[in-house]
file target.pdb (PDB, C-alpha atoms)
MODEL        1
ATOM      1  CA  MET A  17     -24.571 -18.056   5.233
ATOM      2  CA  THR A  18     -22.114 -15.324   6.199
ATOM      3  CA  ARG A  19     -18.929 -16.682   7.716
ATOM      4  CA  ARG A  20     -17.097 -14.814  10.462
ATOM      5  CA  ILE A  21     -13.378 -14.175  10.719
ATOM      6  CA  VAL A  22     -11.829 -12.448  13.713
ATOM      7  CA  LEU A  23      -9.404  -9.639  12.846
ATOM      8  CA  ALA A  24      -6.389  -9.745  15.137
ATOM      9  CA  SER A  25      -6.207  -5.955  15.334
ATOM     10  CA  ASN A  26      -7.959  -3.058  17.035
ATOM     11  CA  ASN A  27      -6.962  -0.565  14.324
ATOM     12  CA  ALA A  28     -10.140   1.076  12.970
ATOM     13  CA  GLY A  29      -8.485   1.965   9.641
ATOM     14  CA  LYS A  30      -7.434  -1.636   9.027
ATOM     15  CA  LEU A  31     -10.868  -2.952  10.011
ATOM     16  CA  LYS A  32     -12.536  -0.692   7.457
ATOM     17  CA  GLU A  33     -10.169  -1.790   4.666
ATOM     18  CA  PHE A  34     -10.537  -5.496   5.446
ATOM     19  CA  ALA A  35     -14.326  -5.413   5.949
ATOM     20  CA  LYS A  36     -14.880  -3.736   2.569
ATOM     21  CA  LEU A  37     -12.897  -6.320   0.614
ATOM     22  CA  PHE A  38     -14.206  -9.390   2.438
ATOM     23  CA  ALA A  39     -17.852  -8.283   2.182
ATOM     24  CA  THR A  40     -17.789  -9.345  -1.477
ATOM     25  CA  LEU A  41     -17.026 -12.903  -0.309
ATOM     26  CA  ASP A  42     -19.892 -12.985   2.199
ATOM     27  CA  ILE A  43     -17.386 -12.944   5.067
ATOM     28  CA  GLU A  44     -17.896 -10.768   8.134
ATOM     29  CA  ILE A  45     -14.754  -9.367   9.718
ATOM     30  CA  VAL A  46     -15.085  -9.014  13.517
ATOM     31  CA  PRO A  47     -12.462  -7.002  15.429
ATOM     32  CA  GLN A  48     -10.874  -8.974  18.264
ATOM     33  CA  ALA A  49     -11.799  -6.300  20.836
ATOM     34  CA  GLU A  50     -15.501  -7.056  20.240
ATOM     35  CA  LEU A  51     -14.816 -10.629  21.325
ATOM     36  CA  GLY A  52     -12.733  -9.677  24.368
ATOM     37  CA  VAL A  53      -9.406 -10.743  22.873
ATOM     38  CA  SER A  54      -6.292  -9.007  24.204
ATOM     39  CA  GLU A  55      -3.492  -7.893  21.896
ATOM     40  CA  ALA A  56      -0.901 -10.583  21.221
ATOM     41  CA  ASP A  57       2.809 -10.206  21.825
ATOM     42  CA  GLU A  58       4.870  -9.452  18.721
ATOM     43  CA  PRO A  59       8.300 -10.772  19.712
ATOM     44  CA  HIS A  60       9.590 -11.730  16.287
ATOM     45  CA  HIS A  61      11.983 -10.043  13.874
ATOM     46  CA  THR A  62       9.911 -10.678  10.749
ATOM     47  CA  PHE A  63       6.498  -9.414   9.685
ATOM     48  CA  VAL A  64       5.270 -12.916   8.779
ATOM     49  CA  GLU A  65       6.147 -14.445  12.156
ATOM     50  CA  ASN A  66       4.440 -11.608  14.042
ATOM     51  CA  ALA A  67       1.304 -11.838  11.878
ATOM     52  CA  LEU A  68       1.173 -15.609  12.424
ATOM     53  CA  ALA A  69       1.537 -15.175  16.203
ATOM     54  CA  LYS A  70      -1.317 -12.636  16.240
ATOM     55  CA  ALA A  71      -3.598 -14.809  14.094
ATOM     56  CA  ARG A  72      -3.018 -17.933  16.205
ATOM     57  CA  HIS A  73      -3.635 -15.945  19.419
ATOM     58  CA  ALA A  74      -6.979 -14.598  18.167
ATOM     59  CA  ALA A  75      -8.095 -17.990  16.816
ATOM     60  CA  ARG A  76      -7.192 -19.719  20.086
ATOM     61  CA  ALA A  77      -9.126 -17.160  22.131
ATOM     62  CA  THR A  78     -12.280 -17.208  19.974
ATOM     63  CA  GLY A  79     -12.463 -20.577  18.231
ATOM     64  CA  LEU A  80     -12.967 -18.671  14.955
ATOM     65  CA  PRO A  81     -10.755 -18.412  11.879
ATOM     66  CA  ALA A  82      -8.460 -15.421  12.326
ATOM     67  CA  LEU A  83      -6.791 -12.870  10.075
ATOM     68  CA  ALA A  84      -3.775 -10.829  11.116
ATOM     69  CA  ASP A  85      -1.411  -8.459   9.436
ATOM     70  CA  ASP A  86       1.934  -7.070  10.397
ATOM     71  CA  SER A  87       3.101  -4.115   8.413
ATOM     72  CA  GLY A  88       5.430  -1.162   8.501
ATOM     73  CA  ILE A  89       7.783   1.128   6.692
ATOM     74  CA  CYS A  90      11.257   0.000   5.627
ATOM     75  CA  VAL A  91      13.890   2.565   4.662
ATOM     76  CA  ALA A  92      16.827   1.673   2.396
ATOM     77  CA  ALA A  93      19.351   3.989   4.083
ATOM     78  CA  LEU A  94      18.464   2.488   7.487
ATOM     79  CA  GLY A  95      18.952  -1.120   6.409
ATOM     80  CA  GLY A  96      15.205  -1.731   6.304
ATOM     81  CA  ALA A  97      14.447  -0.087   9.662
ATOM     82  CA  PRO A  98      12.129   0.684  11.348
ATOM     83  CA  GLY A  99      10.542  -2.445   9.830
ATOM     84  CA  VAL A 100       8.651  -4.555  12.381
ATOM     85  CA  TYR A 101       9.236  -1.800  14.956
ATOM     86  CA  SER A 102       7.431   0.858  12.885
ATOM     87  CA  ALA A 103       4.489   1.333  15.277
ATOM     88  CA  ARG A 104       6.742   1.785  18.308
ATOM     89  CA  TYR A 105       9.805   3.282  16.614
ATOM     90  CA  ALA A 106       9.980   6.195  19.063
ATOM     91  CA  GLY A 107       9.043   4.023  22.062
ATOM     92  CA  GLU A 108       5.940   3.789  24.244
ATOM     93  CA  PRO A 109       3.266   4.975  24.215
ATOM     94  CA  LYS A 110       2.758   4.572  20.454
ATOM     95  CA  SER A 111       2.711   7.940  18.689
ATOM     96  CA  ASP A 112       2.579   8.602  14.939
ATOM     97  CA  ALA A 113       3.950  12.121  15.479
ATOM     98  CA  HIS A 114       6.929  10.932  17.539
ATOM     99  CA  ASN A 115       7.655   8.098  15.106
ATOM    100  CA  ASN A 116       7.698  10.547  12.188
ATOM    101  CA  GLU A 117       9.988  12.926  14.108
ATOM    102  CA  LYS A 118      12.429  10.107  14.864
ATOM    103  CA  LEU A 119      12.445   8.934  11.237
ATOM    104  CA  LEU A 120      13.196  12.467  10.015
ATOM    105  CA  ALA A 121      16.028  12.790  12.542
ATOM    106  CA  GLU A 122      17.534   9.444  11.472
ATOM    107  CA  LEU A 123      17.451  10.529   7.813
ATOM    108  CA  ALA A 124      18.648  14.110   8.394
ATOM    109  CA  ASN A 125      21.992  13.601   6.605
ATOM    110  CA  GLN A 126      20.900  10.922   4.142
ATOM    111  CA  ALA A 127      20.643  11.578   0.410
ATOM    112  CA  ASP A 128      19.010   8.185  -0.220
ATOM    113  CA  ARG A 129      15.332   8.596   0.729
ATOM    114  CA  ARG A 130      14.014   5.372  -0.883
ATOM    115  CA  ALA A 131      11.495   3.486   1.243
ATOM    116  CA  TRP A 132       8.748   0.917   0.981
ATOM    117  CA  TYR A 133       5.689  -0.050   2.936
ATOM    118  CA  TYR A 134       5.412  -3.814   3.489
ATOM    119  CA  ALA A 135       2.477  -5.890   4.740
ATOM    120  CA  ALA A 136       2.269  -9.587   5.585
ATOM    121  CA  LEU A 137      -1.205 -11.100   5.983
ATOM    122  CA  VAL A 138      -1.869 -14.457   7.622
ATOM    123  CA  LEU A 139      -5.190 -16.313   7.770
ATOM    124  CA  VAL A 140      -5.557 -19.379   9.990
ATOM    125  CA  ARG A 141      -8.648 -21.585   9.965
ATOM    126  CA  HIS A 142      -7.970 -22.572  13.594
ATOM    127  CA  ALA A 143      -5.250 -21.901  16.175
ATOM    128  CA  ASP A 144      -3.120 -24.908  15.204
ATOM    129  CA  ASP A 145      -3.699 -24.653  11.441
ATOM    130  CA  PRO A 146      -0.667 -26.381   9.858
ATOM    131  CA  GLN A 147      -1.249 -24.603   6.539
ATOM    132  CA  PRO A 148      -1.890 -20.900   7.170
ATOM    133  CA  LEU A 149      -2.643 -18.787   4.117
ATOM    134  CA  ILE A 150       0.064 -16.140   3.743
ATOM    135  CA  ALA A 151       0.155 -13.183   1.359
ATOM    136  CA  ASP A 152       2.214 -10.033   1.223
ATOM    137  CA  GLY A 153       2.334  -6.697  -0.540
ATOM    138  CA  VAL A 154       4.729  -3.822  -1.144
ATOM    139  CA  CYS A 155       4.295  -0.132  -1.956
ATOM    140  CA  LEU A 156       7.398   1.765  -3.132
ATOM    141  CA  GLY A 157       8.074   5.411  -2.390
ATOM    142  CA  GLU A 158      10.389   7.934  -0.760
ATOM    143  CA  VAL A 159      10.577   9.699   2.599
ATOM    144  CA  LEU A 160      10.108  13.470   2.403
ATOM    145  CA  THR A 161      11.917  15.963   4.628
ATOM    146  CA  THR A 162       8.641  17.509   5.863
ATOM    147  CA  PRO A 163       5.132  16.038   6.246
ATOM    148  CA  GLN A 164       2.439  16.791   3.643
ATOM    149  CA  GLY A 165      -1.294  16.039   3.918
ATOM    150  CA  ASP A 166      -3.548  15.043   6.780
ATOM    151  CA  GLY A 167      -5.152  11.820   5.546
ATOM    152  CA  GLY A 168      -4.168   8.259   6.390
ATOM    153  CA  PHE A 169      -2.183   7.376   9.478
ATOM    154  CA  GLY A 170       1.304   6.368  10.578
ATOM    155  CA  TYR A 171       4.034   7.526   8.199
ATOM    156  CA  ASP A 172       1.609   8.477   5.406
ATOM    157  CA  PRO A 173       2.345  12.262   5.553
ATOM    158  CA  LEU A 174       6.052  11.534   4.890
ATOM    159  CA  PHE A 175       5.614   8.739   2.327
ATOM    160  CA  TRP A 176       5.928  10.245  -1.153
ATOM    161  CA  LEU A 177       4.437   8.440  -4.159
ATOM    162  CA  PRO A 178       6.256   9.611  -7.319
ATOM    163  CA  GLN A 179       3.514   8.208  -9.602
ATOM    164  CA  PHE A 180       0.929  10.484  -7.922
ATOM    165  CA  GLY A 181       3.170  13.445  -7.111
ATOM    166  CA  LYS A 182       1.619  13.277  -3.623
ATOM    167  CA  THR A 183       2.079  11.623  -0.251
ATOM    168  CA  VAL A 184      -0.113   8.742   0.879
ATOM    169  CA  ALA A 185      -1.750  11.274   3.230
ATOM    170  CA  GLN A 186      -2.862  13.326   0.184
ATOM    171  CA  ILE A 187      -4.482  10.631  -1.975
ATOM    172  CA  THR A 188      -8.069   9.400  -1.670
ATOM    173  CA  PRO A 189      -8.982   6.236   0.286
ATOM    174  CA  ASP A 190      -9.890   4.511  -2.996
ATOM    175  CA  GLU A 191      -6.516   5.411  -4.532
ATOM    176  CA  LYS A 192      -4.799   4.170  -1.393
ATOM    177  CA  ALA A 193      -6.665   0.854  -1.539
ATOM    178  CA  GLN A 194      -5.411   0.339  -5.105
ATOM    179  CA  ILE A 195      -1.721   1.015  -4.501
ATOM    180  CA  SER A 196      -1.106   0.300  -0.816
ATOM    181  CA  HIS A 197       0.915  -2.599   0.535
ATOM    182  CA  ARG A 198      -2.146  -3.797   2.475
ATOM    183  CA  GLY A 199      -4.371  -3.544  -0.603
ATOM    184  CA  HIS A 200      -1.937  -5.652  -2.650
ATOM    185  CA  ALA A 201      -1.657  -8.231   0.151
ATOM    186  CA  LEU A 202      -5.441  -8.420   0.619
ATOM    187  CA  ARG A 203      -6.075  -9.004  -3.075
ATOM    188  CA  ALA A 204      -3.391 -11.717  -3.119
ATOM    189  CA  LEU A 205      -4.943 -13.383  -0.051
ATOM    190  CA  ILE A 206      -8.434 -13.283  -1.553
ATOM    191  CA  ALA A 207      -7.064 -14.852  -4.755
ATOM    192  CA  LYS A 208      -5.506 -17.643  -2.673
ATOM    193  CA  LEU A 209      -8.815 -18.171  -0.858
ATOM    194  CA  ALA A 210     -10.579 -18.502  -4.214
ATOM    195  CA  GLU A 211      -7.908 -20.916  -5.551
ATOM    196  CA  THR A 212      -8.051 -23.226  -2.557
ATOM    197  CA  GLY A 213     -11.826 -23.118  -2.167
ATOM    198  CA  LEU A 214     -11.409 -22.417   1.535
TER
ENDMDL
END
call {"tool": "encode", "arguments": {"input": "target.pdb", "output": "structure tokens"}}
result
Amino acid sequence: MTRRIVLASNNAGKLKEFAKLFATLDIEIVPQAELGVSEADEPHHTFVENALAKARHAARATGLPALADDSGICVAALGGAPGVYSARYAGEPKSDAHNNEKLLAELANQADRRAWYYAALVLVRHADDPQPLIADGVCLGEVLTTPQGDGGFGYDPLFWLPQFGKTVAQITPDEKAQISHRGHALRALIAKLAETGL
């Protein structure tokens, strides 16, 4: 019997990535919007705490197990910023274009362009689960001075992958799934699920 997990996100790109990987486990990923769940607050300063808050919120609202991620770009020269504020770096309303413009402005006089994408995934079996499953993943790269490519979303057109000689916005979805922070975190979470038999 297929089990259902609510995804504490309304991001279509994330839903597609999660659904593909969990399908092999006979688990159906249902976006929270389909179940009438509002977006949770993300008041914390760490990715893990925000992901946990989102997962608990979705589980409480639906009575289903819930999966949440919190992810973003961290830049060495900016002390790890924008970090948990990546999606709203340039303020409201959320805008990938404005966020990219702000990042370029902040790095205008910086020689150090090292950056990394980070993702924290949290799975709770119920809202008050005392033992949430937590996994994370990292993807290393650099921030370019001008965008390249039109694939992906967020900071992908600026995020240079030296091993590919391309930005994340220029590689294929399958390549992205193999090297992305979210891909690494998902595989680690699925391994933990298999280990625990949950």
call {"tool": "residues_around", "arguments": {"input": "target.pdb", "residues": "Leu137 (chain A)", "least_positions_apart": "3", "cutoff": "6 Å", "atoms": "only C-alpha atoms", "output": "NGL selection string"}}
result
:A and (84-85 or 150-152)
call {"tool": "closest_residue", "arguments": {"input": "target.pdb", "among": "A:Pro109, A:Gly153, A:Pro189, A:Gly181", "to": "Gly167 (chain A)", "atoms": "all atoms listed in the file"}}
result
A:Pro189
call {"tool": "resolve_selection", "arguments": {"input": "target.pdb", "expression": "the PyMOL selection byres ((chain A and resi 193) around 12)", "output": "NGL selection string"}}
result
:A and (29-30 or 32-34 or 36-37 or 153 or 155 or 168 or 184 or 187-192 or 194-203)
call {"tool": "closest_residue", "arguments": {"input": "target.pdb", "among": "A:Leu123, A:Ala35, A:Ala106, A:Ala24", "to": "Asp57 (chain A)", "atoms": "all atoms listed in the file"}}
result
A:Ala24
call {"tool": "resolve_selection", "arguments": {"input": "target.pdb", "expression": "the PyMOL selection byres ((chain A and resi 88-105) around 8)", "output": "list in words"}}
result
His61, Thr62, Phe63, Asp86, Ser87, Ala106, Gly107, Glu108, Pro109, Lys110, Ser111, Asp112, Asn115, Lys118, Leu123, Gln126, Asp128, Arg129, Arg130, Ala131, Trp132, Tyr133, Tyr134, Ala135, Gly170 and Tyr171 of chain A
call {"tool": "write_last_selection", "arguments": {"input": "target.pdb", "atoms": "C-alpha atoms", "output": "PDB file, keeping the file's coordinate frame"}}
result
ATOM      1  CA  HIS A  61      11.983 -10.043  13.874  1.00  0.00           C
ATOM      2  CA  THR A  62       9.911 -10.678  10.749  1.00  0.00           C
ATOM      3  CA  PHE A  63       6.498  -9.414   9.685  1.00  0.00           C
ATOM      4  CA  ASP A  86       1.934  -7.070  10.397  1.00  0.00           C
ATOM      5  CA  SER A  87       3.101  -4.115   8.413  1.00  0.00           C
ATOM      6  CA  ALA A 106       9.980   6.195  19.063  1.00  0.00           C
ATOM      7  CA  GLY A 107       9.043   4.023  22.062  1.00  0.00           C
ATOM      8  CA  GLU A 108       5.940   3.789  24.244  1.00  0.00           C
ATOM      9  CA  PRO A 109       3.266   4.975  24.215  1.00  0.00           C
ATOM     10  CA  LYS A 110       2.758   4.572  20.454  1.00  0.00           C
ATOM     11  CA  SER A 111       2.711   7.940  18.689  1.00  0.00           C
ATOM     12  CA  ASP A 112       2.579   8.602  14.939  1.00  0.00           C
ATOM     13  CA  ASN A 115       7.655   8.098  15.106  1.00  0.00           C
ATOM     14  CA  LYS A 118      12.429  10.107  14.864  1.00  0.00           C
ATOM     15  CA  LEU A 123      17.451  10.529   7.813  1.00  0.00           C
ATOM     16  CA  GLN A 126      20.900  10.922   4.142  1.00  0.00           C
ATOM     17  CA  ASP A 128      19.010   8.185  -0.220  1.00  0.00           C
ATOM     18  CA  ARG A 129      15.332   8.596   0.729  1.00  0.00           C
ATOM     19  CA  ARG A 130      14.014   5.372  -0.883  1.00  0.00           C
ATOM     20  CA  ALA A 131      11.495   3.486   1.243  1.00  0.00           C
ATOM     21  CA  TRP A 132       8.748   0.917   0.981  1.00  0.00           C
ATOM     22  CA  TYR A 133       5.689  -0.050   2.936  1.00  0.00           C
ATOM     23  CA  TYR A 134       5.412  -3.814   3.489  1.00  0.00           C
ATOM     24  CA  ALA A 135       2.477  -5.890   4.740  1.00  0.00           C
ATOM     25  CA  GLY A 170       1.304   6.368  10.578  1.00  0.00           C
ATOM     26  CA  TYR A 171       4.034   7.526   8.199  1.00  0.00           C
TER      27      TYR A 171
END
call {"tool": "closest_residue", "arguments": {"input": "target.pdb", "among": "A:Ala75, A:Leu177, A:Ala28, A:Leu83", "to": "Glu44 (chain A)", "atoms": "only C-alpha atoms"}}
result
A:Leu83
call {"tool": "resolve_selection", "arguments": {"input": "target.pdb", "expression": "the PyMOL selection byres ((chain A and resi 47) around 7)", "output": "JSON, numbers by chain"}}
result
{"A": [22, 23, 24, 25, 26, 31, 45, 46, 48, 49, 50]}
call {"tool": "atom_distance", "arguments": {"input": "target.pdb", "atom1": "CA of Leu51 (chain A)", "atom2": "CA of Thr78 (chain A)"}}
result
7.2 Å
call {"tool": "axis_aligned_box", "arguments": {"input": "target.pdb", "around": "region 20-29 of chain A", "padding_each_side": "3 Å", "output": "JSON"}}
result
{"center_x": -11.7, "center_y": -6.4, "center_z": 13.3, "size_x": 16.9, "size_y": 22.8, "size_z": 13.4}
call {"tool": "atom_distance", "arguments": {"input": "target.pdb", "atom1": "CA of Ile206 (chain A)", "atom2": "CA of Phe38 (chain A)"}}
result
8.0 Å
call {"tool": "residues_around", "arguments": {"input": "target.pdb", "residues": "Leu120 (chain A)", "least_positions_apart": "2", "cutoff": "10 Å", "atoms": "only C-alpha atoms", "output": "VMD selection string"}}
result
chain A and resid 114 to 118 122 to 126 159 to 163 174
call {"tool": "atom_distance", "arguments": {"input": "target.pdb", "atom1": "CA of Ala121 (chain A)", "atom2": "CA of Asn27 (chain A)"}}
result
26.6 Å
call {"tool": "closest_residue", "arguments": {"input": "target.pdb", "among": "A:His60, A:Arg141, A:Arg76, A:Lys182", "to": "Arg20 (chain A)", "atoms": "all atoms listed in the file"}}
result
A:Arg141
